[in-house]
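Working notes for the structure below.
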Amino acid sequence: QAELKRLPAFKLPSDKVSCVSRVAATIMNLLSLAADKSVPAADDFLPVFVYVIIQANPPSLLSTVQFVDNFYGSRLSGEDQYWWMQFIAAIEFIKTMDYIVNQS
């Protein structure tokens, strides 16, 4: 979460993508440690990624996504592109969630 909170501090779009990739790789490593005999898949990863994004609540998240997509999206490839697309999918899921506001 701490790494994701630093997302706005990175100025270059490539640095922002690297930040997201590091977070994703960390999550996958932790999931691998938790699963004794199986390799974690996207079905295991995405809910955890959604949770981490919600908990980190990085400022200017949607504008960061637009910035990277507009100025760096066509240069993404390989693992960075995969993790960035997972990040986009998690954000899109979060945007569709129903929220319950606790009024106590």
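Following the order of the structure tokens, first chain is A, next is B, and so on, with residues numbered from 1 inside each chain and ligands from 1 in the order they appear.
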List every residue of chain A that DSSP, applied to the backbone, labels as helix (DSSP H, G or I), and write the result as a tab-separated table (two decimals) with N, CA, C and O atoms, in the first residue's frame.
```
chain	number	residue	atom	x	y	z
A	2	ALA	N	1.93	1.22	0.75
A	2	ALA	CA	2.78	2.40	0.85
A	2	ALA	C	3.36	2.78	-0.51
A	2	ALA	O	3.43	3.97	-0.85
A	3	GLU	N	3.74	1.78	-1.27
A	3	GLU	CA	4.30	2.05	-2.60
A	3	GLU	C	3.25	2.69	-3.50
A	3	GLU	O	3.54	3.63	-4.23
A	4	LEU	N	2.04	2.20	-3.43
A	4	LEU	CA	0.97	2.74	-4.28
A	4	LEU	C	0.58	4.15	-3.87
A	4	LEU	O	0.20	4.96	-4.72
A	5	LYS	N	0.71	4.47	-2.60
A	5	LYS	CA	0.43	5.83	-2.15
A	5	LYS	C	1.42	6.83	-2.72
A	5	LYS	O	1.11	8.01	-2.85
A	7	LEU	N	2.45	6.83	-5.75
A	7	LEU	CA	2.24	6.91	-7.20
A	7	LEU	C	2.26	8.35	-7.74
A	7	LEU	O	2.93	8.62	-8.73
A	8	PRO	N	1.57	9.30	-7.10
A	8	PRO	CA	1.60	10.67	-7.63
A	8	PRO	C	2.97	11.34	-7.55
A	8	PRO	O	3.23	12.31	-8.27
A	9	ALA	N	3.86	10.84	-6.71
A	9	ALA	CA	5.19	11.44	-6.56
A	9	ALA	C	6.06	11.19	-7.79
A	9	ALA	O	6.98	11.97	-8.05
A	13	PRO	N	5.69	8.92	-16.76
A	13	PRO	CA	4.73	7.83	-16.87
A	13	PRO	C	5.38	6.46	-16.72
A	13	PRO	O	4.78	5.55	-16.14
A	14	SER	N	6.59	6.32	-17.21
A	14	SER	CA	7.28	5.03	-17.08
A	14	SER	C	7.54	4.70	-15.61
A	14	SER	O	7.48	3.53	-15.21
A	15	ASP	N	7.83	5.71	-14.80
A	15	ASP	CA	8.04	5.49	-13.36
A	15	ASP	C	6.74	5.09	-12.68
A	15	ASP	O	6.73	4.27	-11.76
A	16	LYS	N	5.62	5.66	-13.12
A	16	LYS	CA	4.31	5.31	-12.56
A	16	LYS	C	3.98	3.86	-12.88
A	16	LYS	O	3.49	3.12	-12.03
A	17	VAL	N	4.26	3.43	-14.11
A	17	VAL	CA	4.02	2.04	-14.51
A	17	VAL	C	4.93	1.11	-13.71
A	17	VAL	O	4.48	0.05	-13.26
A	18	SER	N	6.16	1.50	-13.51
A	18	SER	CA	7.09	0.68	-12.72
A	18	SER	C	6.60	0.53	-11.28
A	18	SER	O	6.73	-0.55	-10.69
A	19	CYS	N	6.05	1.59	-10.74
A	19	CYS	CA	5.48	1.55	-9.39
A	19	CYS	C	4.36	0.52	-9.32
A	19	CYS	O	4.32	-0.32	-8.41
A	20	VAL	N	3.45	0.57	-10.28
A	20	VAL	CA	2.33	-0.37	-10.32
A	20	VAL	C	2.86	-1.80	-10.50
A	20	VAL	O	2.37	-2.73	-9.85
A	21	SER	N	3.86	-1.97	-11.33
A	21	SER	CA	4.44	-3.30	-11.55
A	21	SER	C	5.07	-3.86	-10.28
A	21	SER	O	4.94	-5.05	-9.99
A	22	ARG	N	5.75	-3.00	-9.52
A	22	ARG	CA	6.35	-3.44	-8.26
A	22	ARG	C	5.28	-3.88	-7.27
A	22	ARG	O	5.43	-4.90	-6.59
A	23	VAL	N	4.20	-3.11	-7.19
A	23	VAL	CA	3.10	-3.46	-6.29
A	23	VAL	C	2.50	-4.80	-6.70
A	23	VAL	O	2.28	-5.69	-5.87
A	24	ALA	N	2.26	-4.97	-7.99
A	24	ALA	CA	1.67	-6.21	-8.50
A	24	ALA	C	2.59	-7.40	-8.25
A	24	ALA	O	2.14	-8.48	-7.83
A	25	ALA	N	3.88	-7.22	-8.49
A	25	ALA	CA	4.84	-8.31	-8.26
A	25	ALA	C	4.89	-8.68	-6.78
A	25	ALA	O	4.97	-9.87	-6.44
A	26	THR	N	4.81	-7.69	-5.92
A	26	THR	CA	4.80	-7.96	-4.48
A	26	THR	C	3.57	-8.77	-4.08
A	26	THR	O	3.66	-9.73	-3.32
A	27	ILE	N	2.42	-8.37	-4.61
A	27	ILE	CA	1.19	-9.11	-4.33
A	27	ILE	C	1.31	-10.55	-4.81
A	27	ILE	O	0.94	-11.49	-4.09
A	28	MET	N	1.82	-10.75	-6.01
A	28	MET	CA	1.97	-12.11	-6.54
A	28	MET	C	2.93	-12.94	-5.69
A	28	MET	O	2.69	-14.12	-5.46
A	29	ASN	N	4.00	-12.31	-5.24
A	29	ASN	CA	4.96	-13.03	-4.38
A	29	ASN	C	4.30	-13.45	-3.06
A	29	ASN	O	4.49	-14.57	-2.60
A	30	LEU	N	3.50	-12.55	-2.48
A	30	LEU	CA	2.82	-12.89	-1.24
A	30	LEU	C	1.77	-13.98	-1.45
A	30	LEU	O	1.62	-14.87	-0.61
A	31	LEU	N	1.07	-13.91	-2.58
A	31	LEU	CA	0.09	-14.96	-2.88
A	31	LEU	C	0.79	-16.30	-3.10
A	31	LEU	O	0.27	-17.36	-2.72
A	32	SER	N	1.95	-16.28	-3.70
A	32	SER	CA	2.72	-17.51	-3.92
A	32	SER	C	3.15	-18.13	-2.60
A	32	SER	O	3.15	-19.35	-2.44
A	33	LEU	N	3.52	-17.28	-1.65
A	33	LEU	CA	3.91	-17.78	-0.33
A	33	LEU	C	2.72	-18.39	0.40
A	33	LEU	O	2.87	-19.36	1.14
A	34	ALA	N	1.55	-17.81	0.20
A	34	ALA	CA	0.34	-18.29	0.89
A	34	ALA	C	-0.18	-19.59	0.30
A	34	ALA	O	-0.79	-20.40	1.00
A	42	ALA	N	-4.83	-14.99	-12.13
A	42	ALA	CA	-5.48	-13.68	-12.15
A	42	ALA	C	-6.72	-13.66	-11.25
A	42	ALA	O	-7.02	-12.63	-10.64
A	43	ASP	N	-7.40	-14.79	-11.16
A	43	ASP	CA	-8.58	-14.87	-10.29
A	43	ASP	C	-8.22	-14.70	-8.82
A	43	ASP	O	-9.04	-14.27	-8.02
A	44	ASP	N	-7.01	-15.07	-8.47
A	44	ASP	CA	-6.53	-14.87	-7.10
A	44	ASP	C	-6.00	-13.46	-6.91
A	44	ASP	O	-6.17	-12.85	-5.86
A	45	PHE	N	-5.35	-12.96	-7.94
A	45	PHE	CA	-4.64	-11.69	-7.86
A	45	PHE	C	-5.57	-10.48	-7.85
A	45	PHE	O	-5.41	-9.57	-7.03
A	46	LEU	N	-6.53	-10.44	-8.76
A	46	LEU	CA	-7.33	-9.22	-8.96
A	46	LEU	C	-8.09	-8.78	-7.71
A	46	LEU	O	-8.06	-7.58	-7.39
A	47	PRO	N	-8.74	-9.67	-6.96
A	47	PRO	CA	-9.43	-9.18	-5.75
A	47	PRO	C	-8.47	-8.57	-4.72
A	47	PRO	O	-8.80	-7.58	-4.07
A	48	VAL	N	-7.27	-9.13	-4.62
A	48	VAL	CA	-6.29	-8.56	-3.69
A	48	VAL	C	-5.82	-7.21	-4.20
A	48	VAL	O	-5.68	-6.25	-3.42
A	49	PHE	N	-5.62	-7.08	-5.49
A	49	PHE	CA	-5.19	-5.82	-6.09
A	49	PHE	C	-6.25	-4.74	-5.87
A	49	PHE	O	-5.93	-3.61	-5.52
A	50	VAL	N	-7.51	-5.10	-6.05
A	50	VAL	CA	-8.62	-4.18	-5.80
A	50	VAL	C	-8.57	-3.69	-4.35
A	50	VAL	O	-8.66	-2.49	-4.08
A	51	TYR	N	-8.41	-4.63	-3.42
A	51	TYR	CA	-8.35	-4.29	-2.01
A	51	TYR	C	-7.19	-3.33	-1.71
A	51	TYR	O	-7.35	-2.35	-0.99
A	52	VAL	N	-6.03	-3.63	-2.25
A	52	VAL	CA	-4.85	-2.80	-2.01
A	52	VAL	C	-5.06	-1.39	-2.57
A	52	VAL	O	-4.71	-0.40	-1.91
A	53	ILE	N	-5.64	-1.28	-3.75
A	53	ILE	CA	-5.90	0.04	-4.34
A	53	ILE	C	-6.87	0.82	-3.47
A	53	ILE	O	-6.67	2.01	-3.20
A	54	ILE	N	-7.93	0.16	-3.00
A	54	ILE	CA	-8.92	0.85	-2.15
A	54	ILE	C	-8.27	1.31	-0.86
A	54	ILE	O	-8.47	2.44	-0.41
A	55	GLN	N	-7.48	0.45	-0.24
A	55	GLN	CA	-6.84	0.80	1.02
A	55	GLN	C	-5.79	1.91	0.85
A	55	GLN	O	-5.68	2.80	1.69
A	56	ALA	N	-5.05	1.86	-0.24
A	56	ALA	CA	-4.02	2.88	-0.49
A	56	ALA	C	-4.65	4.22	-0.85
A	56	ALA	O	-4.16	5.27	-0.47
A	61	LEU	N	-5.94	9.39	-8.85
A	61	LEU	CA	-5.78	8.08	-9.49
A	61	LEU	C	-6.25	8.09	-10.95
A	61	LEU	O	-5.54	7.62	-11.84
A	62	LEU	N	-7.44	8.61	-11.20
A	62	LEU	CA	-7.97	8.58	-12.57
A	62	LEU	C	-7.16	9.47	-13.51
A	62	LEU	O	-6.93	9.10	-14.67
A	63	SER	N	-6.69	10.60	-13.03
A	63	SER	CA	-5.87	11.46	-13.90
A	63	SER	C	-4.50	10.82	-14.14
A	63	SER	O	-3.91	10.99	-15.21
A	64	THR	N	-4.00	10.07	-13.17
A	64	THR	CA	-2.74	9.34	-13.37
A	64	THR	C	-2.90	8.30	-14.47
A	64	THR	O	-2.04	8.16	-15.33
A	65	VAL	N	-4.03	7.58	-14.44
A	65	VAL	CA	-4.29	6.58	-15.48
A	65	VAL	C	-4.36	7.25	-16.85
A	65	VAL	O	-3.76	6.76	-17.82
A	66	GLN	N	-5.08	8.35	-16.96
A	66	GLN	CA	-5.18	9.06	-18.23
A	66	GLN	C	-3.82	9.56	-18.70
A	66	GLN	O	-3.49	9.48	-19.89
A	67	PHE	N	-3.03	10.07	-17.77
A	67	PHE	CA	-1.69	10.57	-18.10
A	67	PHE	C	-0.83	9.47	-18.70
A	67	PHE	O	-0.22	9.64	-19.76
A	68	VAL	N	-0.80	8.32	-18.03
A	68	VAL	CA	0.02	7.21	-18.52
A	68	VAL	C	-0.51	6.70	-19.86
A	68	VAL	O	0.26	6.48	-20.80
A	69	ASP	N	-1.82	6.53	-19.96
A	69	ASP	CA	-2.40	6.03	-21.21
A	69	ASP	C	-2.13	6.98	-22.37
A	69	ASP	O	-1.81	6.53	-23.48
A	70	ASN	N	-2.23	8.27	-22.14
A	70	ASN	CA	-2.04	9.24	-23.22
A	70	ASN	C	-0.59	9.40	-23.65
A	70	ASN	O	-0.31	9.57	-24.83
A	71	PHE	N	0.33	9.36	-22.69
A	71	PHE	CA	1.72	9.68	-23.01
A	71	PHE	C	2.66	8.49	-23.03
A	71	PHE	O	3.82	8.63	-23.41
A	73	GLY	N	1.09	4.89	-23.09
A	73	GLY	CA	0.33	3.68	-23.36
A	73	GLY	C	0.79	2.89	-24.56
A	73	GLY	O	0.85	1.67	-24.54
A	74	SER	N	1.16	3.59	-25.63
A	74	SER	CA	1.57	2.89	-26.86
A	74	SER	C	2.95	2.26	-26.72
A	74	SER	O	3.33	1.42	-27.53
A	75	ARG	N	3.72	2.66	-25.72
A	75	ARG	CA	5.07	2.11	-25.52
A	75	ARG	C	5.09	0.95	-24.53
A	75	ARG	O	6.13	0.33	-24.34
A	78	GLY	N	5.07	-6.24	-22.76
A	78	GLY	CA	5.49	-7.30	-21.85
A	78	GLY	C	4.82	-7.27	-20.51
A	78	GLY	O	3.61	-7.00	-20.39
A	79	GLU	N	5.60	-7.54	-19.48
A	79	GLU	CA	5.07	-7.65	-18.12
A	79	GLU	C	4.50	-6.32	-17.63
A	79	GLU	O	3.46	-6.30	-16.96
A	80	ASP	N	5.17	-5.21	-17.96
A	80	ASP	CA	4.65	-3.90	-17.55
A	80	ASP	C	3.26	-3.66	-18.14
A	80	ASP	O	2.37	-3.15	-17.45
A	81	GLN	N	3.05	-4.03	-19.38
A	81	GLN	CA	1.74	-3.86	-20.01
A	81	GLN	C	0.70	-4.74	-19.32
A	81	GLN	O	-0.42	-4.29	-19.07
A	82	TYR	N	1.07	-5.97	-19.00
A	82	TYR	CA	0.14	-6.87	-18.32
A	82	TYR	C	-0.28	-6.30	-16.97
A	82	TYR	O	-1.47	-6.24	-16.66
A	83	TRP	N	0.70	-5.87	-16.16
A	83	TRP	CA	0.36	-5.34	-14.85
A	83	TRP	C	-0.42	-4.03	-14.95
A	83	TRP	O	-1.32	-3.79	-14.15
A	84	TRP	N	-0.10	-3.20	-15.94
A	84	TRP	CA	-0.85	-1.96	-16.12
A	84	TRP	C	-2.31	-2.27	-16.48
A	84	TRP	O	-3.24	-1.64	-15.97
A	85	MET	N	-2.53	-3.26	-17.33
A	85	MET	CA	-3.90	-3.62	-17.71
A	85	MET	C	-4.65	-4.22	-16.51
A	85	MET	O	-5.86	-3.98	-16.36
A	86	GLN	N	-3.97	-4.96	-15.67
A	86	GLN	CA	-4.59	-5.47	-14.45
A	86	GLN	C	-4.97	-4.30	-13.53
A	86	GLN	O	-6.04	-4.31	-12.90
A	87	PHE	N	-4.12	-3.30	-13.46
A	87	PHE	CA	-4.38	-2.09	-12.67
A	87	PHE	C	-5.62	-1.38	-13.20
A	87	PHE	O	-6.51	-1.00	-12.43
A	88	ILE	N	-5.71	-1.22	-14.51
A	88	ILE	CA	-6.87	-0.59	-15.15
A	88	ILE	C	-8.14	-1.40	-14.85
A	88	ILE	O	-9.19	-0.84	-14.52
A	89	ALA	N	-8.04	-2.73	-14.96
A	89	ALA	CA	-9.20	-3.58	-14.70
A	89	ALA	C	-9.66	-3.44	-13.25
A	89	ALA	O	-10.87	-3.36	-12.98
A	90	ALA	N	-8.72	-3.37	-12.32
A	90	ALA	CA	-9.07	-3.21	-10.91
A	90	ALA	C	-9.76	-1.87	-10.67
A	90	ALA	O	-10.76	-1.79	-9.95
A	91	ILE	N	-9.26	-0.83	-11.30
A	91	ILE	CA	-9.86	0.51	-11.15
A	91	ILE	C	-11.26	0.52	-11.75
A	91	ILE	O	-12.20	1.08	-11.16
A	92	GLU	N	-11.42	-0.08	-12.92
A	92	GLU	CA	-12.74	-0.13	-13.55
A	92	GLU	C	-13.73	-0.90	-12.66
A	92	GLU	O	-14.89	-0.52	-12.56
A	93	PHE	N	-13.26	-1.96	-12.03
A	93	PHE	CA	-14.13	-2.70	-11.11
A	93	PHE	C	-14.52	-1.82	-9.92
A	93	PHE	O	-15.68	-1.79	-9.52
A	94	ILE	N	-13.56	-1.12	-9.37
A	94	ILE	CA	-13.83	-0.24	-8.23
A	94	ILE	C	-14.86	0.82	-8.60
A	94	ILE	O	-15.75	1.14	-7.80
A	95	LYS	N	-14.79	1.32	-9.82
A	95	LYS	CA	-15.73	2.35	-10.26
A	95	LYS	C	-17.17	1.83	-10.33
A	95	LYS	O	-18.11	2.61	-10.23
A	96	THR	N	-17.33	0.52	-10.46
A	96	THR	CA	-18.68	-0.05	-10.57
A	96	THR	C	-19.22	-0.55	-9.23
A	96	THR	O	-20.37	-0.99	-9.17
```
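Between CA of Lys11 in chain A and CA of Asn57 in chain A the separation is 18.3 Å.
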